[in-house]
Amino acid sequence: MLRPINVSGQLGRVIAIMRDGKRRTLREIERECWTRYGHADTQTAISARLRQVHRYGYRKQAHIEKINDKAVWWYYLTPMDSTKEQAA
């Protein structure tokens with residue numbers, strides 16, 4: 001079950017930005033945190049918060065793409081399926 005989101009904390013801001021399922025890089029999430037909420041959350045902090053999204057009923061998904069010979073990581077969230085989680 002999805003918990004209510006409080007955007008006063010980093011985890012809430014990251015989830016609020018990412019719960020639309022759109023793929024974003026850490027840099028894009030960082031920029032969106034500043035644009036929407038006026039908080040300068042760092043990419044390091046955002047990465048740590050992405051590892052905690054399961055607390056709110058989301059699963060972090062990642063996709064790597066090579067752009068100009070550099071690895072670029074794209075992240076997105078998907079809701080956890082509670083029936084699958086209980087069966088595991």
# chains A, B, ... in the order shown; residues from 1 in each chain; ligands from 1
call {"tool": "residues_around", "arguments": {"residues": "Ala62 in chain A", "least_positions_apart": "6", "cutoff": "10 Å", "atoms": "only C-alpha atoms", "output": "ChimeraX atom specification"}}
result
/A:23-25,73-77
call {"tool": "closest_residue", "arguments": {"among": "A:Lys60, A:Lys22, A:Arg13, A:Lys66", "to": "Ala45 in chain A", "atoms": "only C-alpha atoms"}}
result
A:Arg13
call {"tool": "closest_residue", "arguments": {"among": "A:Val53, A:Leu11, A:Ala71, A:Ala48", "to": "Cys33 in chain A", "atoms": "only C-alpha atoms"}}
result
A:Leu11
call {"tool": "select_by_dssp", "arguments": {"residues": "range 30-70 of chain A", "states": "strand (DSSP E)", "output": "number ranges by chain"}}
result
A: 58-67, 70
call {"tool": "residues_around", "arguments": {"residues": "Val72 in chain A", "least_positions_apart": "5", "cutoff": "10 Å", "atoms": "only C-alpha atoms", "output": "VMD selection string"}}
result
chain A and resid 25 to 26 63 to 67
call {"tool": "write_last_selection", "arguments": {"atoms": "N, CA, C and O atoms", "output": "compact mmCIF listing (two decimals), in the first residue's frame"}}
result
# COMPACT_ATOMS: atom_id res chain seq x y z
N THR A 25 17.74 11.02 -14.86
CA THR A 25 19.08 10.85 -14.31
C THR A 25 19.11 11.53 -12.94
O THR A 25 18.22 12.32 -12.60
N LEU A 26 20.16 11.26 -12.17
CA LEU A 26 20.31 11.94 -10.88
C LEU A 26 20.38 13.44 -11.06
O LEU A 26 19.81 14.20 -10.27
N HIS A 63 18.20 1.84 -15.50
CA HIS A 63 18.54 1.51 -16.89
C HIS A 63 19.82 2.25 -17.22
O HIS A 63 19.94 3.44 -16.95
N ILE A 64 20.80 1.54 -17.78
CA ILE A 64 22.06 2.19 -18.14
C ILE A 64 22.13 2.33 -19.66
O ILE A 64 21.70 1.44 -20.40
N GLU A 65 22.64 3.46 -20.10
CA GLU A 65 22.75 3.75 -21.52
C GLU A 65 24.11 4.38 -21.77
O GLU A 65 24.58 5.19 -20.97
N LYS A 66 24.73 4.02 -22.84
CA LYS A 66 26.03 4.60 -23.19
C LYS A 66 25.80 5.80 -24.11
O LYS A 66 25.22 5.67 -25.18
N ILE A 67 26.25 6.98 -23.66
CA ILE A 67 26.12 8.21 -24.43
C ILE A 67 27.50 8.86 -24.50
O ILE A 67 28.10 9.15 -23.46
call {"tool": "atom_distance", "arguments": {"atom1": "CA of Val7 in chain A", "atom2": "CA of Tyr37 in chain A"}}
result
8.1 Å
call {"tool": "residues_around", "arguments": {"residues": "Arg55 in chain A", "least_positions_apart": "4", "cutoff": "12 Å", "atoms": "only C-alpha atoms", "output": "PyMOL selection string"}}
result
chain A and resi 1-5+11-12+15+49-51+59-60+79-80
call {"tool": "select_by_dssp", "arguments": {"residues": "chain A", "states": "alpha helix (DSSP H)", "output": "ChimeraX atom specification"}}
result
/A:10-18,26-37,43-50,82-87
call {"tool": "atom_distance", "arguments": {"atom1": "CA of Lys70 in chain A", "atom2": "CA of Trp34 in chain A"}}
result
25.4 Å
call {"tool": "closest_residue", "arguments": {"among": "A:Met18, A:Thr78, A:Gln10, A:Gln43", "to": "Gln61 in chain A", "atoms": "only C-alpha atoms"}}
result
A:Thr78
call {"tool": "atom_distance", "arguments": {"atom1": "CA of Arg27 in chain A", "atom2": "CA of Val14 in chain A"}}
result
12.1 Å
